[in-house]
file structure_0.txt (compact mmCIF, C-alpha atoms and all ligand atoms)
# COMPACT_ATOMS: atom_id res chain seq x y z
CA MET I 1 -2.92 -17.66 41.69
CA SER I 2 -0.62 -20.48 40.71
CA THR I 3 1.94 -19.69 38.05
CA MET I 4 2.22 -23.39 37.21
CA SER I 5 1.11 -24.32 33.72
CA ARG I 6 -1.86 -26.61 33.17
CA LEU I 7 -1.27 -29.14 30.43
CA ILE I 8 -3.91 -29.95 27.82
CA HIS I 9 -3.40 -33.09 25.77
CA CYS I 10 -5.02 -33.35 22.34
CA ILE I 11 -5.45 -37.11 22.14
CA ASP I 12 -6.15 -37.14 18.40
CA CYS I 13 -2.99 -35.23 17.47
CA SER I 14 -0.72 -36.31 20.37
CA THR I 15 -0.09 -32.64 21.03
CA ILE I 16 0.42 -30.91 24.35
CA TYR I 17 -0.58 -27.37 25.06
CA ALA I 18 0.41 -25.55 28.25
CA LEU I 19 -2.21 -23.22 29.62
CA THR I 20 -0.37 -20.51 31.51
CA PRO I 21 -1.79 -17.64 33.55
CA PHE I 22 -0.24 -15.35 30.92
CA ASP I 23 -2.26 -16.72 28.01
CA THR I 24 -4.31 -13.60 27.55
CA THR I 25 -1.51 -11.14 28.24
CA PRO I 26 -1.10 -8.95 25.17
CA GLU I 27 2.27 -8.86 23.48
CA TYR I 28 3.98 -5.72 22.34
CA ARG I 29 5.86 -5.91 19.09
CA GLY I 30 7.65 -3.50 16.83
CA SER I 31 5.36 -2.60 13.94
CA GLY I 32 8.25 -2.24 11.54
CA PHE I 33 7.73 1.54 11.29
CA GLY I 34 10.48 3.29 13.20
CA ASN I 35 10.10 2.92 16.96
CA GLU I 36 6.36 2.34 16.83
CA VAL I 37 5.17 -0.53 19.03
CA VAL I 38 1.85 -2.26 18.48
CA ARG I 39 -0.21 -4.15 20.99
CA VAL I 40 -1.02 -7.70 19.86
CA GLU I 41 -3.95 -9.29 21.65
CA LYS I 42 -3.11 -12.86 22.45
CA ASN I 43 -5.18 -15.76 23.55
CA ASP I 44 -3.33 -18.99 23.00
CA ARG I 45 -6.12 -21.12 24.48
CA VAL I 46 -8.55 -19.85 21.87
CA TYR I 47 -5.91 -20.51 19.20
CA PHE I 48 -5.35 -24.08 20.44
CA ASP I 49 -9.09 -24.79 20.72
CA GLY I 50 -9.55 -23.42 17.20
CA MET I 51 -6.98 -25.84 15.84
CA HIS I 52 -8.25 -28.85 17.81
CA SER I 53 -11.86 -27.87 18.53
CA ASP I 54 -13.44 -31.15 17.37
CA HIS I 55 -10.68 -33.35 18.84
CA ASN I 56 -10.64 -35.33 22.06
CA GLN I 57 -8.78 -33.42 24.75
CA GLU I 58 -7.87 -34.15 28.32
CA GLU I 59 -6.11 -32.24 31.06
CA LEU I 60 -2.92 -33.80 32.46
CA ALA I 61 -1.70 -33.46 36.03
CA ILE I 62 2.03 -32.87 36.36
CA ILE I 63 3.77 -35.56 38.43
CA ALA I 64 7.43 -34.49 38.26
CA PRO I 65 7.85 -30.91 37.01
CA ALA I 66 11.59 -31.41 36.43
CA LEU I 67 12.36 -35.10 36.16
CA TYR I 68 15.57 -34.22 34.38
CA SER I 69 17.04 -31.01 33.13
CA GLU I 70 20.45 -30.28 31.77
CA GLY I 71 22.41 -27.07 31.31
CA ALA I 72 22.61 -23.66 32.88
CA TYR I 73 19.53 -22.24 34.63
CA PHE I 74 20.02 -18.96 32.80
CA ASP I 75 19.90 -20.68 29.40
CA PRO I 76 16.39 -20.03 28.00
CA CYS I 77 16.82 -22.93 25.57
CA ARG I 78 17.53 -25.44 28.33
CA VAL I 79 15.64 -28.72 27.90
CA THR I 80 13.58 -30.07 30.79
CA TYR I 81 11.82 -33.41 30.89
CA LEU I 82 8.70 -33.75 33.00
CA THR I 83 6.08 -36.38 33.59
CA ALA I 84 2.32 -35.91 33.68
CA THR I 85 -0.66 -38.22 33.93
CA ASN I 86 -4.28 -38.38 32.83
CA GLY I 87 -4.96 -40.70 35.77
CA LYS I 88 -4.39 -43.86 33.73
CA GLU I 89 -1.24 -43.36 31.67
CA THR I 90 1.96 -41.46 32.40
CA PHE I 91 3.43 -39.25 29.70
CA LEU I 92 7.02 -38.13 29.25
CA ILE I 93 7.12 -34.55 28.02
CA LYS I 94 10.04 -32.53 26.72
CA LYS I 95 9.77 -28.84 27.56
CA TRP I 96 12.03 -26.69 25.44
CA ARG I 97 12.34 -23.91 22.93
CA ARG I 98 14.11 -24.03 19.63
CA HIS I 99 15.19 -20.41 19.79
CA ILE I 100 15.43 -17.76 22.49
CA ASP I 101 12.60 -15.74 20.86
CA GLU I 102 10.18 -18.65 20.71
CA ALA I 103 7.56 -19.72 23.21
CA LEU I 104 8.15 -22.87 25.24
CA ARG I 105 7.17 -26.04 23.44
CA TYR I 106 5.81 -29.17 25.10
CA ASP I 107 6.48 -32.31 23.08
CA LEU I 108 5.30 -35.81 23.92
CA VAL I 109 8.30 -38.15 23.99
CA ASP I 110 7.88 -41.78 23.13
CA GLY I 111 9.89 -43.72 25.69
CA LEU I 112 11.23 -43.82 29.20
CA LEU I 113 13.86 -41.64 30.80
CA ASP I 114 16.30 -43.43 33.04
CA VAL I 115 17.78 -40.85 35.43
CA LYS I 116 20.91 -41.76 37.39
CA GLU I 117 22.78 -39.84 40.07
CA THR I 118 26.50 -39.95 40.69
CA VAL I 119 28.01 -38.50 43.83
CA SER I 120 31.60 -37.29 44.02
CA ILE I 121 33.86 -34.94 45.95
CA GLN I 122 35.52 -31.96 44.26
CA LYS I 123 38.98 -33.45 44.52
CA ASP I 124 40.96 -31.04 42.32
CA ASP I 125 39.39 -27.90 43.78
CA LEU I 126 39.85 -29.26 47.29
CA ARG I 127 43.54 -29.90 46.67
CA LYS I 128 44.05 -26.38 45.25
CA GLN I 129 42.23 -24.78 48.16
CA LEU I 130 44.25 -26.78 50.72
CA ALA I 131 47.50 -25.64 49.10
CA CYS I 132 46.21 -22.08 49.05
CA GLU I 133 44.99 -21.90 52.67
CA ILE I 134 47.43 -24.14 54.54
CA LYS I 135 50.93 -22.64 54.13
CA ASP I 136 54.08 -22.14 56.19
CA PRO I 137 54.45 -25.03 56.41
CA LEU I 138 52.46 -26.64 53.62
CA LEU I 139 50.91 -30.01 54.35
CA SER I 140 53.12 -32.76 52.99
CA GLU I 141 51.80 -34.57 49.91
CA GLU I 142 51.14 -37.70 52.02
CA LYS I 143 49.21 -35.75 54.64
CA MET I 144 47.21 -33.91 52.01
CA GLN I 145 46.29 -37.19 50.36
CA ALA I 146 45.42 -38.71 53.75
CA PHE I 147 43.05 -35.82 54.46
CA ILE I 148 41.40 -36.08 51.02
CA ASP I 149 40.97 -39.87 51.37
CA LEU I 150 39.50 -39.57 54.83
CA PHE I 151 37.15 -36.77 53.74
CA GLN I 152 36.08 -38.69 50.64
CA GLU I 153 35.26 -41.77 52.69
CA GLU I 154 33.10 -39.83 55.15
CA ALA I 155 31.46 -37.59 52.53
CA LEU I 156 30.40 -40.43 50.24
CA GLN I 157 29.57 -42.97 52.91
CA SER I 158 26.31 -41.91 54.53
CA GLY I 159 23.27 -41.36 52.29
CA SER I 160 24.20 -38.70 49.80
CA GLU I 161 20.75 -38.57 48.24
CA GLN I 162 19.43 -35.08 48.27
CA GLU I 163 16.52 -34.55 50.59
CA PRO I 164 13.70 -32.30 49.40
CA GLY I 165 14.08 -28.66 50.31
CA GLU I 166 17.75 -29.04 51.04
CA ALA I 167 20.13 -26.18 50.32
CA CYS I 168 21.81 -26.82 47.02
CA ALA I 169 23.96 -24.32 45.19
CA SER I 170 24.54 -24.60 41.47
CA ASN I 171 23.96 -22.69 38.25
CA TYR I 172 23.34 -25.94 36.43
CA ALA I 173 20.17 -27.95 36.47
CA HIS I 174 21.90 -31.34 36.37
CA ILE I 175 24.51 -30.60 39.05
CA CYS I 176 23.95 -29.71 42.66
CA PHE I 177 26.29 -29.26 45.59
CA LYS I 178 25.30 -30.65 48.93
CA PRO I 179 27.01 -29.33 52.06
CA LEU I 180 28.36 -31.70 54.71
CA THR I 181 26.09 -32.39 57.65
CA GLU I 182 27.18 -31.47 61.18
CA GLU I 183 27.59 -35.18 61.95
CA GLN I 184 29.88 -35.66 58.95
CA ILE I 185 32.01 -32.67 59.97
CA ALA I 186 32.29 -34.00 63.52
CA ARG I 187 33.36 -37.45 62.28
CA ILE I 188 35.94 -36.00 59.86
CA LEU I 189 37.48 -33.82 62.59
CA SER I 190 37.56 -36.65 65.09
CA ARG I 191 39.25 -39.00 62.61
CA CYS I 192 41.78 -36.28 61.74
CA ARG I 193 42.94 -36.15 65.37
CA VAL I 194 44.47 -39.61 64.95
CA VAL I 195 46.28 -38.83 61.69
CA PHE I 196 47.57 -35.29 62.15
CA THR I 197 49.64 -33.37 64.69
CA GLN I 198 47.87 -30.99 67.06
CA GLU I 199 49.04 -28.00 65.00
CA GLU I 200 47.97 -29.57 61.68
CA TRP I 201 44.63 -30.55 63.18
CA LYS I 202 43.89 -26.96 64.26
CA ARG I 203 44.59 -25.65 60.79
CA LEU I 204 42.55 -28.40 59.11
CA ALA I 205 39.64 -27.75 61.48
CA GLY I 206 39.73 -24.08 60.44
CA PHE I 207 39.89 -25.15 56.80
CA VAL I 208 36.85 -27.41 57.16
CA MET I 209 34.85 -24.59 58.80
CA ASN I 210 35.82 -22.16 56.01
CA ASN I 211 34.83 -24.52 53.23
CA CYS I 212 31.86 -26.57 54.43
CA GLN I 213 29.06 -24.39 52.98
CA ALA I 214 27.10 -25.53 49.92
CA ASN I 215 29.31 -23.40 47.64
CA GLY I 216 32.55 -24.54 49.33
CA VAL I 217 35.08 -27.11 48.11
CA MET I 218 34.01 -29.59 50.80
CA SER I 219 30.48 -29.94 49.51
CA VAL I 220 29.56 -33.07 47.61
CA ALA I 221 28.72 -32.81 43.91
CA ILE I 222 25.60 -34.70 42.82
CA ARG I 223 25.40 -35.08 39.05
CA LYS I 224 22.37 -36.38 37.21
CA THR I 225 22.58 -38.11 33.88
CA ALA I 226 19.69 -39.41 31.83
CA MET I 227 19.29 -42.02 29.14
CA LEU I 228 16.26 -42.08 26.92
CA ALA I 229 15.06 -45.57 26.08
CA SER I 230 12.56 -45.13 23.28
CA ALA I 231 9.48 -47.32 23.22
CA SER I 232 10.24 -48.48 19.68
CA TYR I 233 13.73 -49.48 20.78
CA GLN I 234 12.26 -51.42 23.70
CA SER I 235 9.85 -53.27 21.45
CA ARG I 236 12.69 -54.06 19.03
CA VAL I 237 14.73 -55.51 21.88
CA MET I 238 11.70 -57.45 23.05
CA LYS I 239 11.18 -58.86 19.55
CA TRP I 240 14.85 -59.71 19.24
CA SER I 241 14.98 -61.48 22.62
CA GLN I 242 11.79 -63.39 21.79
CA GLN I 243 13.38 -64.57 18.54
CA VAL I 244 16.56 -65.60 20.36
CA PHE I 245 14.87 -67.40 23.21
CA ASN I 246 12.14 -69.05 21.16
CA GLN I 247 14.64 -70.81 18.94
CA PRO I 248 14.58 -74.59 19.34
ZN ZN L 301 -5.80 -32.08 17.88
call {"tool": "encode", "arguments": {"input": "structure_0.txt", "output": "structure tokens"}}
result
Amino acid sequence: MSTMSRLIHCIDCSTIYALTPFDTTPEYRGSGFGNEVVRVEKNDRVYFDGMHSDHNQEELAIIAPALYSEGAYFDPCRVTYLTATNGKETFLIKKWRRHIDEALRYDLVDGLLDVKETVSIQKDDLRKQLACEIKDPLLSEEKMQAFIDLFQEEALQSGSEQEPGEACASNYAHICFKPLTEEQIARILSRCRVVFTQEEWKRLAGFVMNNCQANGVMSVAIRKTAMLASASYQSRVMKWSQQVFNQP
């Protein structure tokens, strides 16, 4: 059985209802008398149909279950945007809860979500880790900077887009850490041979091996940001530009 929710759209009310496999699971609540717990029969589908029984409804198919999400995975109030379709139109839906005790809400959002990705290296953490692992003698400031520059160039150069199913370690929905590929590691080490002494190279090679996992300081940080362009804003801009460009 799929645990994925099915989305029902009440066309008349512009309301979304998520049909989950747990709809008929009874809830247990304190009765208010000491430690007594009462069983509350629950059937949200019946409740929804009761509210909207004579309205036009359609089922939506989810296209992107997490188009954009921000915040910690463990935060129950984290907001996730998803897209779903009735086969003709695509809907932007905000999945969230107002309070930790509340059920998830699914709200139709009027507009478009523009999701952008920025890729960066973890420069400060990398510098700290280098100073911590490479001692006696420390790398000179110039050499440290040379290593960071060289690493940054290689890490950000070749396609940093995340491929589906790729290992990605993060507690936050909008940040993920992508480990270096074997090819990138090989290129970094080979370029280092030219810049560093044999002894420095050996220690840097050890450092790269120690820190190249997804949770290491040599992984690349991919951060998503999203901008909501509301439909009403778009039509205002359209109107404004028509006025401007239609002037004689
Ligand atoms: Zn309705």
call {"tool": "closest_residue", "arguments": {"input": "structure_0.txt", "among": "I:Lys94, I:Asn215, I:Tyr106, I:Cys77", "to": "I:Asn171", "atoms": "all atoms listed in the file"}}
result
I:Asn215
call {"tool": "atom_distance", "arguments": {"input": "structure_0.txt", "atom1": "atom CA of I:Thr83", "atom2": "atom CA of I:Val109"}}
result
10.0 Å
call {"tool": "residues_near_ligand", "arguments": {"input": "structure_0.txt", "ligand": "ligand ZN 301 (chain L)", "cutoff": "8 Å", "atoms": "only C-alpha atoms and all ligand atoms", "output": "compact mmCIF listing (two decimals) with C-alpha atoms, in the frame of the given file"}}
result
# COMPACT_ATOMS: atom_id res chain seq x y z
CA CYS I 10 -5.02 -33.35 22.34
CA ILE I 11 -5.45 -37.11 22.14
CA ASP I 12 -6.15 -37.14 18.40
CA CYS I 13 -2.99 -35.23 17.47
CA SER I 14 -0.72 -36.31 20.37
CA THR I 15 -0.09 -32.64 21.03
CA MET I 51 -6.98 -25.84 15.84
CA HIS I 52 -8.25 -28.85 17.81
CA SER I 53 -11.86 -27.87 18.53
CA ASP I 54 -13.44 -31.15 17.37
CA HIS I 55 -10.68 -33.35 18.84
CA ASN I 56 -10.64 -35.33 22.06
CA GLN I 57 -8.78 -33.42 24.75
call {"tool": "atom_distance", "arguments": {"input": "structure_0.txt", "atom1": "atom CA of I:Ile62", "atom2": "atom CA of I:Ala173"}}
result
18.8 Å
call {"tool": "closest_residue", "arguments": {"input": "structure_0.txt", "among": "I:Val115, I:Val217, I:Ala131, I:Ile93", "to": "I:Gln152", "atoms": "all atoms listed in the file"}}
result
I:Val217
call {"tool": "atom_distance", "arguments": {"input": "structure_0.txt", "atom1": "atom CA of I:Lys178", "atom2": "atom CA of I:Thr225"}}
result
17.0 Å
call {"tool": "closest_residue", "arguments": {"input": "structure_0.txt", "among": "I:Lys116, I:Arg187, I:Arg105, I:His9", "to": "I:Asp49", "atoms": "all atoms listed in the file"}}
result
I:His9
call {"tool": "residues_around", "arguments": {"input": "structure_0.txt", "residues": "I:Ala84", "least_positions_apart": "6", "cutoff": "9 Å", "atoms": "all atoms listed in the file", "output": "list in words"}}
result
Leu7, Leu60, Ala61, Ile62, Ile63, Ala64, Pro65, Thr90, Phe91, Leu92 and Ile93 of chain I
call {"tool": "residues_around", "arguments": {"input": "structure_0.txt", "residues": "I:Leu113", "least_positions_apart": "6", "cutoff": "9 Å", "atoms": "only C-alpha atoms", "output": "MDAnalysis selection string"}}
result
chainID I and resid 67:68 81 92 226:230
call {"tool": "residues_near_point", "arguments": {"input": "structure_0.txt", "point": "(40.9, -25.2, 51.2)", "cutoff": "8 Å", "atoms": "only C-alpha atoms", "output": "PyMOL selection string"}}
result
chain I and resi 126-134+207-208+210-211+217
call {"tool": "write_last_selection", "arguments": {"input": "structure_0.txt", "atoms": "C-alpha atoms", "output": "mmCIF file, keeping the file's coordinate frame"}}
result
data_model
loop_
_atom_site.group_PDB
_atom_site.id
_atom_site.type_symbol
_atom_site.label_atom_id
_atom_site.label_comp_id
_atom_site.auth_asym_id
_atom_site.auth_seq_id
_atom_site.Cartn_x
_atom_site.Cartn_y
_atom_site.Cartn_z
ATOM 1 C CA LEU I 126 39.850 -29.260 47.290
ATOM 2 C CA ARG I 127 43.540 -29.900 46.670
ATOM 3 C CA LYS I 128 44.050 -26.380 45.250
ATOM 4 C CA GLN I 129 42.230 -24.780 48.160
ATOM 5 C CA LEU I 130 44.250 -26.780 50.720
ATOM 6 C CA ALA I 131 47.500 -25.640 49.100
ATOM 7 C CA CYS I 132 46.210 -22.080 49.050
ATOM 8 C CA GLU I 133 44.990 -21.900 52.670
ATOM 9 C CA ILE I 134 47.430 -24.140 54.540
ATOM 10 C CA PHE I 207 39.890 -25.150 56.800
ATOM 11 C CA VAL I 208 36.850 -27.410 57.160
ATOM 12 C CA ASN I 210 35.820 -22.160 56.010
ATOM 13 C CA ASN I 211 34.830 -24.520 53.230
ATOM 14 C CA VAL I 217 35.080 -27.110 48.110
#
call {"tool": "residues_around", "arguments": {"input": "structure_0.txt", "residues": "I:Val79", "least_positions_apart": "2", "cutoff": "6 Å", "atoms": "all atoms listed in the file", "output": "ChimeraX atom specification"}}
result
/I:69,95-96
call {"tool": "closest_residue", "arguments": {"input": "structure_0.txt", "among": "I:Arg78, I:Glu102, I:Glu89, I:Ser140", "to": "I:Ala66", "atoms": "only C-alpha atoms"}}
result
I:Arg78
call {"tool": "residues_around", "arguments": {"input": "structure_0.txt", "residues": "I:Glu154", "least_positions_apart": "6", "cutoff": "9 Å", "atoms": "only C-alpha atoms", "output": "PyMOL selection string"}}
result
chain I and resi 184-185+187-188
